[in-house]
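**Student:** So I've got this file, start.cif, and it contains mmCIF, C-alpha atoms and all ligand atoms:
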data_my_file
loop_
_atom_site.label_atom_id
_atom_site.label_comp_id
_atom_site.auth_asym_id
_atom_site.auth_seq_id
_atom_site.Cartn_x
_atom_site.Cartn_y
_atom_site.Cartn_z
CA MET A 1 -58.83 -121.73 193.44
CA SER A 2 -61.45 -120.13 191.18
CA ASP A 3 -60.17 -118.28 188.11
CA SER A 4 -63.31 -116.17 187.76
CA PRO A 5 -62.81 -112.40 187.99
CA ASP A 6 -64.10 -111.29 191.41
CA SER A 7 -65.53 -107.75 191.37
CA SER A 8 -63.90 -106.82 194.70
CA ARG A 9 -60.47 -108.28 193.95
CA LYS A 10 -57.45 -106.26 192.82
CA ILE A 11 -57.11 -106.38 189.04
CA ASN A 12 -53.78 -107.58 187.68
CA THR A 13 -52.33 -108.30 184.27
CA HIS A 14 -53.64 -111.89 184.45
CA THR A 15 -57.16 -110.50 184.76
CA PHE A 16 -56.53 -108.74 181.43
CA GLN A 17 -55.53 -112.05 179.82
CA LEU A 18 -58.46 -113.88 181.37
CA LYS A 19 -60.94 -111.30 180.14
CA LYS A 20 -59.54 -111.53 176.60
CA GLN A 21 -59.89 -115.33 176.66
CA ARG A 22 -63.49 -115.00 177.85
CA GLY A 23 -64.41 -112.29 175.38
CA GLU A 24 -65.17 -109.89 178.26
CA ARG A 25 -64.42 -106.26 177.45
CA LEU A 26 -61.86 -104.35 179.49
CA THR A 27 -62.39 -100.80 180.71
CA MET A 28 -59.66 -98.25 181.33
CA LEU A 29 -59.79 -94.53 182.17
CA THR A 30 -57.22 -91.92 183.06
CA ALA A 31 -56.88 -90.23 186.45
CA TYR A 32 -54.29 -87.77 187.71
CA ASP A 33 -55.33 -87.11 191.30
CA TYR A 34 -56.85 -88.64 194.43
CA PRO A 35 -60.56 -87.76 194.00
CA MET A 36 -60.73 -88.85 190.37
CA ALA A 37 -58.84 -92.07 191.15
CA ARG A 38 -61.40 -92.81 193.89
CA ALA A 39 -64.30 -92.12 191.53
CA VAL A 40 -62.90 -94.31 188.75
CA ASP A 41 -62.01 -97.11 191.17
CA LEU A 42 -65.43 -97.02 192.88
CA ALA A 43 -67.13 -97.16 189.47
CA GLY A 44 -65.44 -100.55 188.99
CA ILE A 45 -63.29 -99.58 185.98
CA ASP A 46 -60.64 -102.30 185.46
CA SER A 47 -57.63 -100.08 185.07
CA ILE A 48 -56.48 -96.52 185.74
CA LEU A 49 -53.90 -94.99 183.44
CA VAL A 50 -52.01 -92.02 184.83
CA GLY A 51 -51.45 -90.79 181.29
CA ASP A 52 -49.03 -88.12 180.19
CA SER A 53 -52.21 -86.50 178.78
CA LEU A 54 -51.87 -84.97 182.26
CA GLY A 55 -49.72 -82.37 180.51
CA MET A 56 -52.61 -81.20 178.34
CA VAL A 57 -55.74 -81.62 180.45
CA VAL A 58 -54.33 -80.72 183.88
CA LEU A 59 -51.08 -78.78 183.41
CA GLY A 60 -52.18 -76.73 180.39
CA TYR A 61 -49.37 -77.59 177.94
CA ASP A 62 -50.15 -77.76 174.20
CA ASN A 63 -48.91 -81.34 173.97
CA THR A 64 -47.45 -84.08 176.16
CA LEU A 65 -43.77 -83.41 175.42
CA PRO A 66 -42.95 -81.12 178.39
CA VAL A 67 -44.18 -83.60 181.03
CA THR A 68 -41.37 -84.76 183.33
CA MET A 69 -40.77 -87.88 185.41
CA ASP A 70 -41.18 -85.85 188.61
CA GLU A 71 -44.57 -84.54 187.48
CA MET A 72 -45.70 -88.05 186.54
CA LEU A 73 -44.57 -89.55 189.86
CA HIS A 74 -46.23 -86.78 191.86
CA HIS A 75 -49.60 -87.48 190.21
CA CYS A 76 -49.14 -91.27 190.30
CA ARG A 77 -48.67 -91.09 194.07
CA ALA A 78 -51.97 -89.22 194.48
CA VAL A 79 -53.76 -91.74 192.25
CA SER A 80 -52.36 -94.73 194.12
CA ARG A 81 -53.69 -93.29 197.39
CA GLY A 82 -57.19 -93.08 195.85
CA ALA A 83 -57.53 -96.49 194.20
CA SER A 84 -57.38 -99.97 195.66
CA ARG A 85 -58.90 -102.28 193.04
CA ALA A 86 -58.01 -101.06 189.55
CA LEU A 87 -54.74 -102.00 187.85
CA LEU A 88 -52.62 -98.83 188.04
CA ILE A 89 -50.49 -97.94 185.02
CA GLY A 90 -47.95 -95.10 184.92
CA ASP A 91 -47.24 -93.53 181.54
CA MET A 92 -43.53 -93.10 180.86
CA PRO A 93 -43.02 -89.49 179.73
CA PHE A 94 -41.08 -88.26 176.71
CA MET A 95 -37.31 -88.88 177.01
CA SER A 96 -37.66 -91.18 180.03
CA TYR A 97 -37.10 -94.34 177.93
CA GLN A 98 -35.91 -93.23 174.48
CA VAL A 99 -32.28 -92.40 175.24
CA CYS A 100 -30.99 -95.73 176.54
CA VAL A 101 -32.20 -99.01 178.02
CA GLU A 102 -30.64 -98.24 181.41
CA ASP A 103 -32.68 -95.03 181.71
CA ALA A 104 -35.79 -96.91 180.65
CA VAL A 105 -35.42 -99.57 183.36
CA ARG A 106 -34.49 -97.06 186.07
CA ASN A 107 -37.41 -94.78 185.25
CA ALA A 108 -39.89 -97.66 184.90
CA GLY A 109 -38.75 -98.90 188.31
CA ARG A 110 -39.49 -95.51 189.89
CA PHE A 111 -43.17 -95.83 188.93
CA LEU A 112 -43.46 -98.99 191.03
CA GLN A 113 -41.01 -98.17 193.80
CA GLU A 114 -41.85 -94.50 194.42
CA SER A 115 -45.44 -94.06 193.30
CA GLY A 116 -47.42 -97.25 193.80
CA MET A 117 -48.03 -98.13 190.15
CA ASP A 118 -48.48 -101.77 189.07
CA ALA A 119 -47.24 -101.41 185.47
CA VAL A 120 -45.92 -98.86 182.97
CA LYS A 121 -46.93 -97.81 179.46
CA LEU A 122 -44.62 -96.61 176.74
CA GLU A 123 -45.15 -95.56 173.14
CA GLY A 124 -43.69 -97.09 170.02
CA GLY A 125 -43.19 -100.26 167.99
CA LYS A 126 -40.21 -102.44 167.13
CA GLU A 127 -37.70 -99.71 167.97
CA ARG A 128 -38.78 -100.03 171.62
CA ILE A 129 -38.24 -103.79 171.95
CA PRO A 130 -34.85 -103.59 173.75
CA ALA A 131 -36.27 -101.17 176.36
CA ILE A 132 -39.47 -103.22 176.78
CA MET A 133 -37.55 -106.47 177.26
CA ALA A 134 -35.19 -104.93 179.80
CA ILE A 135 -38.12 -103.45 181.78
CA LEU A 136 -39.87 -106.82 181.72
CA GLU A 137 -36.69 -108.52 182.90
CA ALA A 138 -36.83 -106.22 185.93
CA GLY A 139 -40.25 -107.70 186.67
CA ILE A 140 -42.29 -104.69 185.53
CA PRO A 141 -45.35 -105.31 183.32
CA VAL A 142 -45.46 -103.18 180.16
CA LEU A 143 -48.48 -101.85 178.25
CA GLY A 144 -47.59 -100.97 174.63
CA HIS A 145 -49.03 -98.02 172.70
CA LEU A 146 -49.29 -97.94 168.89
CA GLY A 147 -51.01 -95.84 166.22
CA LEU A 148 -51.19 -92.17 167.13
CA THR A 149 -48.36 -91.89 169.63
CA PRO A 150 -48.59 -88.30 170.92
CA GLN A 151 -44.93 -88.13 172.00
CA SER A 152 -44.08 -88.33 168.25
CA ILE A 153 -46.52 -85.65 167.02
CA HIS A 154 -43.77 -83.68 165.33
CA LYS A 155 -42.68 -86.75 163.39
CA LEU A 156 -46.29 -87.72 162.62
CA GLY A 157 -47.18 -84.17 161.53
CA GLY A 158 -49.82 -83.61 164.22
CA PHE A 159 -52.58 -85.45 166.05
CA LYS A 160 -53.62 -87.59 163.05
CA ALA A 161 -55.15 -91.04 162.63
CA GLN A 162 -52.59 -93.71 161.71
CA GLY A 163 -52.67 -96.97 159.74
CA LYS A 164 -54.84 -95.56 156.94
CA THR A 165 -52.87 -97.06 154.03
CA ALA A 166 -52.30 -100.77 153.40
CA GLU A 167 -48.60 -100.27 154.04
CA ALA A 168 -49.18 -98.39 157.29
CA ALA A 169 -51.73 -100.98 158.45
CA LEU A 170 -49.22 -103.76 157.74
CA SER A 171 -46.55 -101.95 159.69
CA LEU A 172 -48.96 -101.52 162.65
CA LEU A 173 -49.78 -105.24 162.61
CA ASP A 174 -46.09 -106.06 162.47
CA ASP A 175 -45.36 -103.76 165.42
CA ALA A 176 -48.26 -105.20 167.43
CA LEU A 177 -47.05 -108.78 166.89
CA SER A 178 -43.52 -107.74 167.90
CA LEU A 179 -44.75 -106.07 171.11
CA GLU A 180 -46.74 -109.19 171.96
CA GLU A 181 -43.73 -111.40 171.34
CA ALA A 182 -41.55 -109.12 173.49
CA GLY A 183 -43.96 -109.70 176.39
CA CYS A 184 -46.30 -106.67 176.63
CA PHE A 185 -49.42 -107.68 178.56
CA SER A 186 -51.68 -105.47 176.41
CA ILE A 187 -51.46 -102.78 173.71
CA VAL A 188 -53.25 -99.43 173.38
CA LEU A 189 -54.29 -98.71 169.78
CA GLU A 190 -54.91 -94.99 169.33
CA ALA A 191 -56.63 -93.34 166.34
CA VAL A 192 -56.50 -96.35 164.05
CA PRO A 193 -59.23 -97.29 161.51
CA SER A 194 -61.75 -99.69 163.09
CA ARG A 195 -61.13 -102.45 160.54
CA VAL A 196 -57.38 -102.36 161.12
CA ALA A 197 -57.79 -102.36 164.94
CA SER A 198 -60.30 -105.21 164.75
CA TYR A 199 -57.96 -107.28 162.57
CA ILE A 200 -54.99 -106.68 164.89
CA SER A 201 -57.14 -107.55 167.93
CA GLN A 202 -58.08 -110.89 166.37
CA LYS A 203 -54.47 -111.71 165.51
CA LEU A 204 -53.15 -111.02 169.03
CA LYS A 205 -53.44 -113.25 172.08
CA ILE A 206 -53.02 -110.25 174.38
CA PRO A 207 -55.86 -107.72 174.68
CA THR A 208 -55.94 -104.49 172.71
CA ILE A 209 -57.29 -101.34 174.34
CA GLY A 210 -58.74 -98.93 171.80
CA ILE A 211 -59.04 -95.17 171.84
CA GLY A 212 -60.41 -93.95 168.54
CA ALA A 213 -59.94 -97.48 167.22
CA GLY A 214 -63.53 -98.68 166.84
CA ASN A 215 -65.69 -101.07 168.77
CA GLU A 216 -63.88 -104.33 168.21
CA CYS A 217 -60.83 -103.88 170.37
CA ASP A 218 -60.75 -106.01 173.52
CA GLY A 219 -61.21 -102.94 175.70
CA GLN A 220 -61.57 -99.17 175.59
CA VAL A 221 -59.77 -96.24 177.20
CA LEU A 222 -60.65 -92.53 177.27
CA VAL A 223 -59.17 -89.49 178.92
CA THR A 224 -61.59 -88.97 181.82
CA HIS A 225 -61.49 -85.18 181.47
CA ASP A 226 -62.74 -85.59 177.86
CA LEU A 227 -65.46 -88.09 178.82
CA LEU A 228 -66.73 -85.77 181.57
CA GLY A 229 -66.50 -82.63 179.45
CA LEU A 230 -64.06 -81.08 181.92
CA PHE A 231 -61.57 -80.05 179.25
CA ASP A 232 -63.08 -77.38 177.01
CA LYS A 233 -60.13 -76.55 174.73
CA PHE A 234 -60.95 -79.22 172.15
CA THR A 235 -62.64 -82.61 171.95
CA PRO A 236 -61.13 -85.27 169.70
CA LYS A 237 -63.52 -86.92 167.18
CA PHE A 238 -63.34 -90.25 169.01
CA VAL A 239 -64.51 -88.88 172.37
CA LYS A 240 -68.06 -89.32 173.61
CA GLN A 241 -68.90 -86.76 176.28
CA TYR A 242 -71.00 -88.46 178.96
CA SER A 243 -71.35 -85.16 180.80
CA VAL A 244 -70.46 -81.49 180.27
CA LEU A 245 -68.95 -80.72 183.64
CA HIS A 246 -67.13 -77.67 182.33
CA GLN A 247 -70.53 -75.94 181.93
CA GLU A 248 -71.79 -77.27 185.26
CA ILE A 249 -68.71 -75.89 187.01
CA ASN A 250 -69.10 -72.55 185.29
CA LYS A 251 -72.74 -72.36 186.40
CA ALA A 252 -71.84 -73.21 190.02
CA LEU A 253 -69.04 -70.64 190.16
CA LYS A 254 -71.28 -67.90 188.76
CA ASN A 255 -73.96 -68.78 191.33
CA TYR A 256 -71.39 -68.51 194.11
CA GLN A 257 -70.16 -65.16 192.84
CA GLU A 258 -73.70 -63.76 192.60
CA GLU A 259 -74.67 -64.96 196.09
CA VAL A 260 -71.53 -63.44 197.65
CA ILE A 261 -72.13 -60.11 195.89
CA GLN A 262 -75.81 -60.09 196.97
CA GLY A 263 -74.94 -61.09 200.58
CA GLU A 264 -76.90 -64.34 200.26
CA PHE A 265 -73.93 -66.55 201.13
CA PRO A 266 -73.02 -67.57 203.77
CA THR A 267 -76.26 -68.02 205.72
CA SER A 268 -76.50 -69.20 209.35
CA GLU A 269 -76.52 -72.75 207.97
CA HIS A 270 -72.89 -72.31 206.94
CA SER A 271 -71.79 -70.32 210.03
CA PHE A 272 -70.58 -71.13 213.55
CA ILE A 273 -72.14 -69.83 216.78
CA ILE A 274 -70.90 -68.60 220.16
CA SER A 275 -73.36 -69.01 223.06
CA ASP A 276 -75.14 -65.89 224.44
CA GLN A 277 -73.35 -66.38 227.76
CA GLU A 278 -69.88 -66.51 226.19
CA TRP A 279 -70.75 -63.53 224.01
CA GLU A 280 -71.83 -61.47 227.06
CA THR A 281 -68.60 -62.38 228.86
CA PHE A 282 -66.60 -61.39 225.82
CA LEU A 283 -68.37 -58.01 225.58
CA ASP A 284 -67.82 -57.43 229.34
CA GLN A 285 -64.14 -58.18 228.97
CA VAL A 286 -63.63 -55.80 226.06
CA GLY A 287 -65.67 -53.18 227.93
CA ASP A 288 -68.33 -53.03 225.26
CA SER A 289 -71.42 -54.34 227.10
O1 LIG A 301 -51.74 -90.18 178.01
C1 LIG A 301 -52.82 -90.78 177.87
O2 LIG A 301 -53.83 -90.46 178.51
C2 LIG A 301 -52.84 -91.87 176.92
C3 LIG A 301 -54.19 -92.43 176.57
C4 LIG A 301 -54.89 -91.49 175.68
C5 LIG A 301 -54.09 -93.79 175.98
O3 LIG A 301 -51.84 -92.29 176.45
#
What's the C-alpha cells form of this structure?

**Tutor:**
Amino acid sequence: MSDSPDSSRKINTHTFQLKKQRGERLTMLTAYDYPMARAVDLAGIDSILVGDSLGMVVLGYDNTLPVTMDEMLHHCRAVSRGASRALLIGDMPFMSYQVCVEDAVRNAGRFLQESGMDAVKLEGGKERIPAIMAILEAGIPVLGHLGLTPQSIHKLGGFKAQGKTAEAALSLLDDALSLEEAGCFSIVLEAVPSRVASYISQKLKIPTIGIGAGNECDGQVLVTHDLLGLFDKFTPKFVKQYSVLHQEINKALKNYQEEVIQGEFPTSEHSFIISDQEWETFLDQVGDS
C-alpha cells in the first residue's frame, strides 16, 4: 500500500505525522456550520477545527469562556455534515476537562460519538497530562494547545503573546515535550515569538500548528471568519485578511434594501406565473371577471 498522501482521501492523524516527516506544511482552518465546512473541505484544507472561538465570532461573546458543551456539539454536528475529507477536530470548551479526568474522557467521547468529530483539542501544558492520557486511552486523538490559551485569559492578563522571556520560552518547550510524550498527535502554538515556535517545532517529532507563531511551524491555522474579514469587531495582529467579506455583505444588504424601497426587486425573473387560462377561471370563480 502506498503511503503517499492522496488528495481525495480522508485525512487522519497519521497524515499529520507523514507530512511532518516529509516537510510538507499542514493547513487548518476553523468552521462552525455546514456551508463553511463544505467550503473549507472543498478547498482541500487538511483539517477543520470547530474552535471555541465560535463563542466570539459567531455567538457574540467577549471571550470563549461562556461556550458550553451543548453549543460545541451542535456546531460540530453541522460541520461534520459538510465535510468529508478534512480531519475534524472538536475544541473542548472551558470547564469540560479541567474539573476531573472522568469529565474530560466523557466529554471528549461526546465529540466523537454524538457529533462526528475525529479528534479533540484542549488547552494547557503539563497540568493537563492526566486528562490527555485518559482521553488517549479511550482511543481519542488529542491536539494540544500552548502559548496564548484563551480559556486562561484572566490568568494571563488578556489576549497577550506568550513565551517572550527566556524562562517562559523554556517552560513552553518543556510543556510541548511533555504533551508529545503524553501522546498528542500535534500541538497548536498560539501567539508565540517566531524563534521560540521554530525551535520547539524542530525539537518535536509531532507537527506544530502555528497561529501568530511565525512561518516555521509545521502548519498554520487561522479563524476563518478573521481570514475572510467576516468578523469586524477586531483583527488580531497575526491575522492576514484574504478578503473583506464584512464590507461585501454590507454592500449587498444595502443594495437589497434600496431595490425593495424603489420597487426594483423582485422582477419577473424572480417571480412565479399562473397561466392566462387559470387566471381567467380564477376571476370567474371569484366573480371578478
Ligand atoms: O478556538 C479556536 O479557534 C482556536 C484556534 C484559534 C487555534 O483555538

**Student:** Between A:Gly51, A:Pro207, A:Gly125, A:Pro193, which is the closest to ligand LIG 301 (chain A) once you count only C-alpha atoms and all ligand atoms?

**Tutor:**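 Selected residue with least distance to ligand LIG 301 (chain A): A:Gly51.
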
**Student:** In Å, how far is it from atom CA of A:Gln98 to atom CA of A:Ser47?

**Tutor:**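 Straight-line distance from atom CA of A:Gln98 to atom CA of A:Ser47 works out to 25.1 Å.
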
**Student:** Residues near stretch 9-18 of chain A, anyone? I mean within 7 Å using only C-alpha atoms, not counting same-chain ones fewer than 4 positions away, as a PyMOL selection string.

**Tutor:** chain A and resi 5+22+46+84-87+185+206-207

**Student:** Interatomic distance between atom CA of A:Lys20 and atom CA of A:Gly210?

**Tutor:**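 Computed distance, atom CA of A:Lys20 to atom CA of A:Gly210, equals 13.5 Å.
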
**Student:** Please identify every polymer residue within 9 Å of ligand LIG 301 (chain A), using all atoms listed in the file, and present the set as a PDB file with C-alpha atoms, keeping the file's coordinate frame.

**Tutor:**
ATOM      1  CA  MET A  28     -59.660 -98.250 181.330  1.00  0.00           C
ATOM      2  CA  LEU A  29     -59.790 -94.530 182.170  1.00  0.00           C
ATOM      3  CA  THR A  30     -57.220 -91.920 183.060  1.00  0.00           C
ATOM      4  CA  ALA A  31     -56.880 -90.230 186.450  1.00  0.00           C
ATOM      5  CA  LEU A  49     -53.900 -94.990 183.440  1.00  0.00           C
ATOM      6  CA  VAL A  50     -52.010 -92.020 184.830  1.00  0.00           C
ATOM      7  CA  GLY A  51     -51.450 -90.790 181.290  1.00  0.00           C
ATOM      8  CA  ASP A  52     -49.030 -88.120 180.190  1.00  0.00           C
ATOM      9  CA  SER A  53     -52.210 -86.500 178.780  1.00  0.00           C
ATOM     10  CA  LEU A  54     -51.870 -84.970 182.260  1.00  0.00           C
ATOM     11  CA  GLY A  55     -49.720 -82.370 180.510  1.00  0.00           C
ATOM     12  CA  THR A  64     -47.450 -84.080 176.160  1.00  0.00           C
ATOM     13  CA  ASP A  91     -47.240 -93.530 181.540  1.00  0.00           C
ATOM     14  CA  PRO A  93     -43.020 -89.490 179.730  1.00  0.00           C
ATOM     15  CA  LYS A 121     -46.930 -97.810 179.460  1.00  0.00           C
ATOM     16  CA  LEU A 122     -44.620 -96.610 176.740  1.00  0.00           C
ATOM     17  CA  GLU A 123     -45.150 -95.560 173.140  1.00  0.00           C
ATOM     18  CA  HIS A 145     -49.030 -98.020 172.700  1.00  0.00           C
ATOM     19  CA  THR A 149     -48.360 -91.890 169.630  1.00  0.00           C
ATOM     20  CA  PRO A 150     -48.590 -88.300 170.920  1.00  0.00           C
ATOM     21  CA  VAL A 188     -53.250 -99.430 173.380  1.00  0.00           C
ATOM     22  CA  LEU A 189     -54.290 -98.710 169.780  1.00  0.00           C
ATOM     23  CA  GLU A 190     -54.910 -94.990 169.330  1.00  0.00           C
ATOM     24  CA  ILE A 209     -57.290-101.340 174.340  1.00  0.00           C
ATOM     25  CA  GLY A 210     -58.740 -98.930 171.800  1.00  0.00           C
ATOM     26  CA  ILE A 211     -59.040 -95.170 171.840  1.00  0.00           C
ATOM     27  CA  VAL A 221     -59.770 -96.240 177.200  1.00  0.00           C
ATOM     28  CA  LEU A 222     -60.650 -92.530 177.270  1.00  0.00           C
ATOM     29  CA  VAL A 223     -59.170 -89.490 178.920  1.00  0.00           C
ATOM     30  CA  THR A 224     -61.590 -88.970 181.820  1.00  0.00           C
TER      31      THR A 224
END

**Student:** Which distance in Å separates atom CA of A:Gly23 and atom CA of A:Asp218, to one decimal?

**Tutor:**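 Atom CA of A:Asp218 lies at a distance of 7.5 Å from atom CA of A:Gly23.
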
**Student:** Nearest residue to A:Asn215 out of A:Asn63, A:Thr235, A:Gln113, A:Ser194, using all atoms listed in the file?

**Tutor:**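 Looking only at the distances to A:Asn215, the closest residue turns out to be A:Ser194.
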
**Student:** Between A:Gly212, A:Gly147, A:Pro130, A:Gly183, single out the one closest to A:Ala169, counting all atoms listed in the file.

**Tutor:** A:Gly147

**Student:** A:Tyr32, A:Gln202, A:Val99, A:Phe111: which is nearest A:His75, counting all atoms listed in the file?

**Tutor:**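 Among A:Tyr32, A:Gln202, A:Val99, A:Phe111, it is A:Tyr32 that comes nearest to A:His75.
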
**Student:** So which one's closest to A:Leu148, A:Glu127, A:Leu172, A:Glu216, A:Met133? Using all atoms listed in the file, please.

**Tutor:** A:Leu172

**Student:** So which one's closest to A:Ile45, A:Gln247, A:Gln220, A:Ala168, A:Ala197? Using all atoms listed in the file, please.

**Tutor:**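 Looking only at the distances to A:Ile45, the closest residue turns out to be A:Gln220.
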
**Student:** Using all atoms listed in the file, which protein or nucleic acid residues come within 12 Å of A:Thr165? Drop anything in the same chain fewer than 5 positions from it, and give the result as a list in words.

**Tutor:**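 Close residues of A:Thr165: Leu170, Ser171, Leu172, Val192, Pro193, Arg195 and Val196 of chain A.
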
**Student:** Could you write out the selected residues, including C-alpha atoms, as an mmCIF file, keeping the file's coordinate frame?

**Tutor:**
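Okay, this is what ended up in out.cif:
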data_model
loop_
_atom_site.group_PDB
_atom_site.id
_atom_site.type_symbol
_atom_site.label_atom_id
_atom_site.label_comp_id
_atom_site.auth_asym_id
_atom_site.auth_seq_id
_atom_site.Cartn_x
_atom_site.Cartn_y
_atom_site.Cartn_z
ATOM 1 C CA LEU A 170 -49.220 -103.760 157.740
ATOM 2 C CA SER A 171 -46.550 -101.950 159.690
ATOM 3 C CA LEU A 172 -48.960 -101.520 162.650
ATOM 4 C CA VAL A 192 -56.500 -96.350 164.050
ATOM 5 C CA PRO A 193 -59.230 -97.290 161.510
ATOM 6 C CA ARG A 195 -61.130 -102.450 160.540
ATOM 7 C CA VAL A 196 -57.380 -102.360 161.120
#

**Student:** What's around A:Cys184 at 6 Å? Count only C-alpha atoms, leave out sequence neighbours fewer than 4 positions away in its own chain, and write the answer as a list in words.

**Tutor:** Val142, Leu143, Leu179 and Glu180 of chain A

**Student:** Would you list the contacts of stretch 77-80 of chain A as a PDB file with C-alpha atoms, keeping the file's coordinate frame, taking every protein, DNA or RNA residue within 9 Å and counting only C-alpha atoms, but skipping same-chain residues closer than 2 positions in sequence?

**Tutor:**
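Once written, selection.pdb looks like this:
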ATOM      1  CA  ALA A  31     -56.880 -90.230 186.450  1.00  0.00           C
ATOM      2  CA  TYR A  32     -54.290 -87.770 187.710  1.00  0.00           C
ATOM      3  CA  ASP A  33     -55.330 -87.110 191.300  1.00  0.00           C
ATOM      4  CA  TYR A  34     -56.850 -88.640 194.430  1.00  0.00           C
ATOM      5  CA  PRO A  35     -60.560 -87.760 194.000  1.00  0.00           C
ATOM      6  CA  MET A  36     -60.730 -88.850 190.370  1.00  0.00           C
ATOM      7  CA  ALA A  37     -58.840 -92.070 191.150  1.00  0.00           C
ATOM      8  CA  ARG A  38     -61.400 -92.810 193.890  1.00  0.00           C
ATOM      9  CA  ILE A  48     -56.480 -96.520 185.740  1.00  0.00           C
ATOM     10  CA  VAL A  50     -52.010 -92.020 184.830  1.00  0.00           C
ATOM     11  CA  MET A  72     -45.700 -88.050 186.540  1.00  0.00           C
ATOM     12  CA  LEU A  73     -44.570 -89.550 189.860  1.00  0.00           C
ATOM     13  CA  HIS A  74     -46.230 -86.780 191.860  1.00  0.00           C
ATOM     14  CA  HIS A  75     -49.600 -87.480 190.210  1.00  0.00           C
ATOM     15  CA  GLY A  82     -57.190 -93.080 195.850  1.00  0.00           C
ATOM     16  CA  ALA A  83     -57.530 -96.490 194.200  1.00  0.00           C
ATOM     17  CA  SER A  84     -57.380 -99.970 195.660  1.00  0.00           C
ATOM     18  CA  LEU A  88     -52.620 -98.830 188.040  1.00  0.00           C
ATOM     19  CA  PHE A 111     -43.170 -95.830 188.930  1.00  0.00           C
ATOM     20  CA  GLU A 114     -41.850 -94.500 194.420  1.00  0.00           C
ATOM     21  CA  SER A 115     -45.440 -94.060 193.300  1.00  0.00           C
ATOM     22  CA  GLY A 116     -47.420 -97.250 193.800  1.00  0.00           C
ATOM     23  CA  MET A 117     -48.030 -98.130 190.150  1.00  0.00           C
TER      24      MET A 117
END

**Student:** (-37.9, -97.9, 190.2) in this file's frame - what residues fall within 12 Å of it? Use all atoms listed in the file and give the answer as a PyMOL selection string.

**Tutor:** chain A and resi 69+73+90+92+102-120+135+138-140

**Student:** Fewer than 6 positions away in the same chain doesn't count, so skip those; otherwise give me all residues within 12 Å of A:Gly229, counting all atoms listed in the file, as number ranges by chain.

**Tutor:** A: 57, 222-223, 235-236, 239-250

**Student:** Go ahead and save the residues from that selection, with C-alpha atoms, as a compact mmCIF listing (two decimals), in the frame of the given file.

**Tutor:**
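Writing done, so here's again-v5.txt:
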# COMPACT_ATOMS: atom_id res chain seq x y z
CA VAL A 57 -55.74 -81.62 180.45
CA LEU A 222 -60.65 -92.53 177.27
CA VAL A 223 -59.17 -89.49 178.92
CA THR A 235 -62.64 -82.61 171.95
CA PRO A 236 -61.13 -85.27 169.70
CA VAL A 239 -64.51 -88.88 172.37
CA LYS A 240 -68.06 -89.32 173.61
CA GLN A 241 -68.90 -86.76 176.28
CA TYR A 242 -71.00 -88.46 178.96
CA SER A 243 -71.35 -85.16 180.80
CA VAL A 244 -70.46 -81.49 180.27
CA LEU A 245 -68.95 -80.72 183.64
CA HIS A 246 -67.13 -77.67 182.33
CA GLN A 247 -70.53 -75.94 181.93
CA GLU A 248 -71.79 -77.27 185.26
CA ILE A 249 -68.71 -75.89 187.01
CA ASN A 250 -69.10 -72.55 185.29
